[in-house]
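S.K.: This is the structure, below, for whatever I ask next.
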Amino acid sequence: MNALAATSRNFRQAARILGLDSKLEKSLLIPFREIKVECTIPKDDGTLASYVGFRVQHDNARGPMKGGIRYHHEVDPDEVNALAQLMTWKTAVADIPYGGAKGGIGCSPSELSKSELERLTRVFTQKIHDLIGIHTDVPAPDMGTNAQTMAWILDEYSKFHGHSPAIVTGKPIDLGGSLGREAATGRGVIYATKSLLAEHGKSISGSTFVIQGFGNVGSWAARILHEEGGKVTAIGDITGAIKNPNGIDIPALIKHRSEGGAVKDFKGADPLDKDELLVHECDVLIPSALGGVLNRDNAANVKAKYIVEAANHPTDPEADEIFAKKGIPVLPDIYANAGGVTVSYFEWVQNIQGFMWDEDKVNMELHKYMRSAFNNIKAMCKTHDCNLRMGAFTLGVNRVARATLLRGWEA
């Protein structure tokens, strides 16, 4: 089941639980605006190349729209649509004053030079500059884009609108980026995990963890778990997987990685079959790479006691049903990985105020938001007698629906 179908299915289920009016339900699903632009640039060799850029702005009932821009050869309008919708519910769950958006350009960033990427980013910004804005739509990095991409968007946008650091988040620190932003998603995952374990009388120290994915989110989550006395017994990424029942030395693994080594070649652990990783014995499983990795083929063999979704949509609905039968709580992605967008919000706030925070304040505020969202989700679970995923969806959808009704959507 693809991301769009799964998101829409979860939304409809939440709408049914909440008893939403069918007209309102339909209105909440339809995006506010979909933008498609042609971006033609001169390549380094003098030839011209054309790319298609997208931006889906899903909902602005609770505030400006927010979401990443991805550069990927398969930027599929359907997927962008699903991810924009997901951002609407995610920002509402975290209780930050945003709606959802998502965008991208269909290109292969690895095949473009830095100057070609810069030209492409600037042309894309020129085409959409009057449709985004500090109080309209605030982009951020995503797959295939980074802080440098945001710097180019900021510069190009500022040529039209004057210096506007708040137009994008995930910027370099030197241009108004926030401290703590890089680690934010991984740190948020850990705050979420803490809340879940505390609910069951457990803590990070003394628990064992398996992490799939060792990119930004996975590596920060592993690093913070290690610092707090958690034992990461297995880790895997695209190269392969490793295990060590006594706990992998995370700082050493990160050093090995930064020196160009692959995760699977790390000396302080034994190799593990990549397919074994997700069904490896542990207390908490943290998928933080791709979507759809937990499905009907492997769900029955998962031995973890808890699952925390650091990736977007790692659990298929069929797997969800199997976990429910097995009594494995799944902390859903729209809550568990909301640390990134929450600290993006802090960055935007700092830019608007023209006053920057220190890193301790950023982490403290993030902790507050993640803990509060967890308590609100639990309250929804209790009210509607549902699992954590539906608790999060009903919380998010209800907030957006209430804002929409208060603003007078039928007028």
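Ligands are numbered from 1 in the order shown, residues from 1 within each chain, and chains are lettered A, B, ... in the order they appear in the structure tokens.
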Quick one: residues within 8 Å of range 357-359 of chain A, only C-alpha atoms counted, chain neighbours fewer than 5 positions away excluded, as a PyMOL selection string?
M.R.: chain A and resi 178-180+350
S.K.: Fewer than 4 positions away in the same chain doesn't count, so skip those; otherwise give me all residues within 10 Å of Gly177 in chain A, counting only C-alpha atoms, as number ranges by chain.
M.R.: A: 147, 150-151, 165-166, 168-173, 181-182, 344, 346-348, 350-351, 356
S.K.: Could those residues be written to a file, using C-alpha atoms, as a short mmCIF file (atom, residue, chain, number, x, y, z; two decimals), in the first residue's frame?
M.R.:
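File produced: part_30.cif:
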data_model
loop_
_atom_site.label_atom_id
_atom_site.label_comp_id
_atom_site.auth_asym_id
_atom_site.auth_seq_id
_atom_site.Cartn_x
_atom_site.Cartn_y
_atom_site.Cartn_z
CA ALA A 147 21.20 23.67 4.17
CA MET A 150 17.93 26.57 1.55
CA ALA A 151 20.62 29.30 1.41
CA PRO A 165 15.56 34.71 6.73
CA ALA A 166 12.22 33.20 7.86
CA VAL A 168 12.97 28.71 4.75
CA THR A 169 14.12 26.60 7.71
CA GLY A 170 17.01 24.17 7.91
CA LYS A 171 19.37 26.99 6.86
CA PRO A 172 23.10 27.20 7.65
CA ILE A 173 23.67 28.65 11.15
CA ARG A 181 18.19 21.71 14.16
CA GLU A 182 20.51 19.04 12.75
CA SER A 344 12.00 24.24 12.24
CA PHE A 346 11.62 27.38 16.59
CA GLU A 347 14.00 28.50 13.79
CA TRP A 348 11.19 30.45 12.09
CA GLN A 350 13.79 33.09 16.08
CA ASN A 351 14.10 34.58 12.57
CA MET A 356 18.45 33.57 18.49
#
S.K.: Closest to Val330 in chain A among A:Val343, A:Ala192, A:Ile204, A:Ile238, using only C-alpha atoms?
M.R.: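 Selected residue with least distance to Val330 in chain A: A:Ala192.
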S.K.: What is the CA of Ile307 in chain A-CA of Phe323 in chain A distance in Å, reported with one decimal?
M.R.: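 Going from CA of Ile307 in chain A over to CA of Phe323 in chain A, I get 9.3 Å.
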S.K.: Please, which residues of range 172-204 of chain A, numbered as in this document, come out alpha helix (DSSP H) from DSSP, as a PDB file with N, CA, C and O atoms, in the first residue's frame?
M.R.:
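File written: out18.pdb
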ATOM      1  N   ALA A 184      17.637  17.502  15.590  1.00  0.00           N
ATOM      2  CA  ALA A 184      16.272  17.630  16.119  1.00  0.00           C
ATOM      3  C   ALA A 184      15.379  16.408  15.904  1.00  0.00           C
ATOM      4  O   ALA A 184      14.697  15.968  16.834  1.00  0.00           O
ATOM      5  N   THR A 185      15.367  15.838  14.698  1.00  0.00           N
ATOM      6  CA  THR A 185      14.462  14.710  14.451  1.00  0.00           C
ATOM      7  C   THR A 185      14.880  13.513  15.306  1.00  0.00           C
ATOM      8  O   THR A 185      14.052  12.892  15.975  1.00  0.00           O
ATOM      9  N   GLY A 186      16.187  13.220  15.325  1.00  0.00           N
ATOM     10  CA  GLY A 186      16.694  12.110  16.135  1.00  0.00           C
ATOM     11  C   GLY A 186      16.439  12.333  17.620  1.00  0.00           C
ATOM     12  O   GLY A 186      16.018  11.420  18.338  1.00  0.00           O
ATOM     13  N   ARG A 187      16.658  13.573  18.079  1.00  0.00           N
ATOM     14  CA  ARG A 187      16.434  13.884  19.494  1.00  0.00           C
ATOM     15  C   ARG A 187      14.941  13.764  19.832  1.00  0.00           C
ATOM     16  O   ARG A 187      14.570  13.241  20.884  1.00  0.00           O
ATOM     17  N   GLY A 188      14.086  14.224  18.925  1.00  0.00           N
ATOM     18  CA  GLY A 188      12.636  14.106  19.129  1.00  0.00           C
ATOM     19  C   GLY A 188      12.205  12.649  19.231  1.00  0.00           C
ATOM     20  O   GLY A 188      11.349  12.291  20.049  1.00  0.00           O
ATOM     21  N   VAL A 189      12.819  11.788  18.398  1.00  0.00           N
ATOM     22  CA  VAL A 189      12.529  10.347  18.438  1.00  0.00           C
ATOM     23  C   VAL A 189      12.845   9.798  19.840  1.00  0.00           C
ATOM     24  O   VAL A 189      12.085   9.006  20.403  1.00  0.00           O
ATOM     25  N   ILE A 190      13.960  10.258  20.421  1.00  0.00           N
ATOM     26  CA  ILE A 190      14.354   9.774  21.749  1.00  0.00           C
ATOM     27  C   ILE A 190      13.408  10.300  22.828  1.00  0.00           C
ATOM     28  O   ILE A 190      13.003   9.557  23.731  1.00  0.00           O
ATOM     29  N   TYR A 191      13.011  11.578  22.729  1.00  0.00           N
ATOM     30  CA  TYR A 191      12.040  12.118  23.699  1.00  0.00           C
ATOM     31  C   TYR A 191      10.730  11.327  23.615  1.00  0.00           C
ATOM     32  O   TYR A 191      10.095  11.032  24.629  1.00  0.00           O
ATOM     33  N   ALA A 192      10.326  10.981  22.379  1.00  0.00           N
ATOM     34  CA  ALA A 192       9.096  10.205  22.181  1.00  0.00           C
ATOM     35  C   ALA A 192       9.245   8.812  22.801  1.00  0.00           C
ATOM     36  O   ALA A 192       8.344   8.316  23.487  1.00  0.00           O
ATOM     37  N   THR A 193      10.403   8.190  22.564  1.00  0.00           N
ATOM     38  CA  THR A 193      10.677   6.860  23.102  1.00  0.00           C
ATOM     39  C   THR A 193      10.641   6.871  24.634  1.00  0.00           C
ATOM     40  O   THR A 193      10.073   5.977  25.267  1.00  0.00           O
ATOM     41  N   LYS A 194      11.241   7.919  25.215  1.00  0.00           N
ATOM     42  CA  LYS A 194      11.243   8.065  26.682  1.00  0.00           C
ATOM     43  C   LYS A 194       9.822   8.095  27.224  1.00  0.00           C
ATOM     44  O   LYS A 194       9.506   7.439  28.218  1.00  0.00           O
ATOM     45  N   SER A 195       8.968   8.891  26.586  1.00  0.00           N
ATOM     46  CA  SER A 195       7.576   8.999  27.035  1.00  0.00           C
ATOM     47  C   SER A 195       6.877   7.646  26.971  1.00  0.00           C
ATOM     48  O   SER A 195       6.151   7.271  27.890  1.00  0.00           O
ATOM     49  N   LEU A 196       7.111   6.922  25.873  1.00  0.00           N
ATOM     50  CA  LEU A 196       6.467   5.614  25.695  1.00  0.00           C
ATOM     51  C   LEU A 196       6.956   4.620  26.752  1.00  0.00           C
ATOM     52  O   LEU A 196       6.159   3.910  27.370  1.00  0.00           O
ATOM     53  N   LEU A 197       8.278   4.583  26.969  1.00  0.00           N
ATOM     54  CA  LEU A 197       8.828   3.631  27.942  1.00  0.00           C
ATOM     55  C   LEU A 197       8.373   3.977  29.360  1.00  0.00           C
ATOM     56  O   LEU A 197       8.041   3.089  30.145  1.00  0.00           O
ATOM     57  N   ALA A 198       8.351   5.278  29.676  1.00  0.00           N
ATOM     58  CA  ALA A 198       7.940   5.708  31.015  1.00  0.00           C
ATOM     59  C   ALA A 198       6.507   5.258  31.310  1.00  0.00           C
ATOM     60  O   ALA A 198       6.171   4.860  32.431  1.00  0.00           O
ATOM     61  N   GLU A 199       5.682   5.310  30.268  1.00  0.00           N
ATOM     62  CA  GLU A 199       4.284   4.868  30.363  1.00  0.00           C
ATOM     63  C   GLU A 199       4.201   3.410  30.835  1.00  0.00           C
ATOM     64  O   GLU A 199       3.246   3.001  31.476  1.00  0.00           O
TER      65      GLU A 199
END
S.K.: Might you pull out every residue within 10 Å of range 259-262 of chain A, with only C-alpha atoms counted and same-chain residues fewer than 2 positions away left off, and present them as a list in words?
M.R.: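 The residues that qualify are Asp237, Ile238, Thr239, Gly240, Ala241, Leu253, Ile254, Lys255, His256, Arg257, Lys264, Asp265 and Phe266 of chain A.
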S.K.: Next, dump the selected residues to file, keeping only C-alpha atoms, as a short mmCIF file (atom, residue, chain, number, x, y, z; two decimals), in the first residue's frame.
M.R.:
data_model
loop_
_atom_site.label_atom_id
_atom_site.label_comp_id
_atom_site.auth_asym_id
_atom_site.auth_seq_id
_atom_site.Cartn_x
_atom_site.Cartn_y
_atom_site.Cartn_z
CA ASP A 237 21.80 0.73 6.61
CA ILE A 238 21.88 0.37 2.84
CA THR A 239 25.36 -1.28 2.98
CA GLY A 240 24.42 -4.03 5.44
CA ALA A 241 23.82 -4.72 9.14
CA LEU A 253 30.90 3.68 14.66
CA ILE A 254 30.21 7.35 13.85
CA LYS A 255 33.97 8.00 13.65
CA HIS A 256 34.38 4.93 11.37
CA ARG A 257 31.59 6.29 9.16
CA LYS A 264 28.84 -3.28 7.65
CA ASP A 265 32.67 -3.11 7.84
CA PHE A 266 32.75 -1.79 11.43
#
S.K.: Can you write out as JSON lines which residues of range 284-391 of chain A fall within 12 Å of range 205-222 of chain A, alongside each residue's closest atom pair and its distance in Å to one decimal, counting only C-alpha atoms and ordering rows by chain and ascending residue number?
M.R.:
{"residue": "A:Val284", "atom": "CA", "partner": "A:Phe209", "partner_atom": "CA", "distance": 4.9}
{"residue": "A:Leu285", "atom": "CA", "partner": "A:Val210", "partner_atom": "CA", "distance": 4.9}
{"residue": "A:Ile286", "atom": "CA", "partner": "A:Ile211", "partner_atom": "CA", "distance": 4.8}
{"residue": "A:Pro287", "atom": "CA", "partner": "A:Gln212", "partner_atom": "CA", "distance": 4.7}
{"residue": "A:Ser288", "atom": "CA", "partner": "A:Gly213", "partner_atom": "CA", "distance": 5.1}
{"residue": "A:Ala289", "atom": "CA", "partner": "A:Gly213", "partner_atom": "CA", "distance": 4.6}
{"residue": "A:Leu290", "atom": "CA", "partner": "A:Gly213", "partner_atom": "CA", "distance": 8.0}
{"residue": "A:Gly291", "atom": "CA", "partner": "A:Gly213", "partner_atom": "CA", "distance": 11.3}
{"residue": "A:Val293", "atom": "CA", "partner": "A:Gln212", "partner_atom": "CA", "distance": 9.6}
{"residue": "A:Leu294", "atom": "CA", "partner": "A:Gln212", "partner_atom": "CA", "distance": 11.1}
{"residue": "A:Val302", "atom": "CA", "partner": "A:Val210", "partner_atom": "CA", "distance": 11.3}
{"residue": "A:Lys303", "atom": "CA", "partner": "A:Val210", "partner_atom": "CA", "distance": 10.7}
{"residue": "A:Ala304", "atom": "CA", "partner": "A:Val210", "partner_atom": "CA", "distance": 8.6}
{"residue": "A:Lys305", "atom": "CA", "partner": "A:Thr208", "partner_atom": "CA", "distance": 10.1}
{"residue": "A:Tyr306", "atom": "CA", "partner": "A:Phe209", "partner_atom": "CA", "distance": 9.7}
{"residue": "A:Ile307", "atom": "CA", "partner": "A:Val210", "partner_atom": "CA", "distance": 9.7}
{"residue": "A:Val308", "atom": "CA", "partner": "A:Ile211", "partner_atom": "CA", "distance": 9.8}
{"residue": "A:Glu309", "atom": "CA", "partner": "A:Ile211", "partner_atom": "CA", "distance": 10.3}
{"residue": "A:Ala310", "atom": "CA", "partner": "A:Val217", "partner_atom": "CA", "distance": 7.3}
{"residue": "A:Ala311", "atom": "CA", "partner": "A:Val217", "partner_atom": "CA", "distance": 8.3}
{"residue": "A:Asn312", "atom": "CA", "partner": "A:Val217", "partner_atom": "CA", "distance": 11.4}
{"residue": "A:Pro314", "atom": "CA", "partner": "A:Gln212", "partner_atom": "CA", "distance": 10.4}
{"residue": "A:Ala336", "atom": "CA", "partner": "A:Val217", "partner_atom": "CA", "distance": 11.3}
{"residue": "A:Asn337", "atom": "CA", "partner": "A:Val217", "partner_atom": "CA", "distance": 8.7}
{"residue": "A:Ala338", "atom": "CA", "partner": "A:Val217", "partner_atom": "CA", "distance": 11.4}
{"residue": "A:Gly339", "atom": "CA", "partner": "A:Val217", "partner_atom": "CA", "distance": 10.2}
{"residue": "A:Gly340", "atom": "CA", "partner": "A:Val217", "partner_atom": "CA", "distance": 9.4}
S.K.: Would you put the residues from that selection into a file with C-alpha atoms, as a tab-separated table (two decimals), in the first residue's frame?
M.R.:
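Resulting contents of selection_0.tsv:
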chain	number	residue	atom	x	y	z
A	284	VAL	CA	12.60	-1.15	21.04
A	285	LEU	CA	12.78	-1.27	17.23
A	286	ILE	CA	13.41	2.08	15.53
A	287	PRO	CA	12.98	1.99	11.72
A	288	SER	CA	14.51	5.28	10.54
A	289	ALA	CA	15.12	4.72	6.84
A	290	LEU	CA	12.54	3.84	4.20
A	291	GLY	CA	8.78	3.48	4.10
A	293	VAL	CA	9.76	-1.94	5.59
A	294	LEU	CA	7.44	-3.59	8.13
A	302	VAL	CA	9.17	-9.08	14.86
A	303	LYS	CA	10.46	-9.72	18.40
A	304	ALA	CA	10.61	-6.10	19.61
A	305	LYS	CA	8.33	-5.11	22.49
A	306	TYR	CA	7.84	-1.56	21.15
A	307	ILE	CA	8.17	0.08	17.74
A	308	VAL	CA	9.01	3.76	17.30
A	309	GLU	CA	8.54	5.03	13.74
A	310	ALA	CA	11.40	7.43	13.02
A	311	ALA	CA	10.93	7.00	9.25
A	312	ASN	CA	7.85	8.16	7.35
A	314	PRO	CA	7.61	2.37	7.75
A	336	ALA	CA	7.62	10.18	16.65
A	337	ASN	CA	9.52	12.08	13.94
A	338	ALA	CA	7.91	15.49	14.49
A	339	GLY	CA	11.05	16.79	16.26
A	340	GLY	CA	12.40	18.10	12.96
S.K.: Run DSSP on the backbone of this structure and report the residues of range 191-388 of chain A it assigns to strand (DSSP E), as a PyMOL selection string.
M.R.: chain A and resi 208-212+231-237+240-243+270-272+284-287+306-308+330-331
S.K.: When you draw a straight line from CA of His73 in chain A to CA of Leu112 in chain A, how long is it in Å?
M.R.: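 Calculated distance between CA of His73 in chain A and CA of Leu112 in chain A is 11.6 Å.
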S.K.: Mind pulling up the distance from CA of Asp137 in chain A to CA of Asp59 in chain A?
M.R.: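 Separating CA of Asp59 in chain A from CA of Asp137 in chain A is a distance of 10.1 Å.
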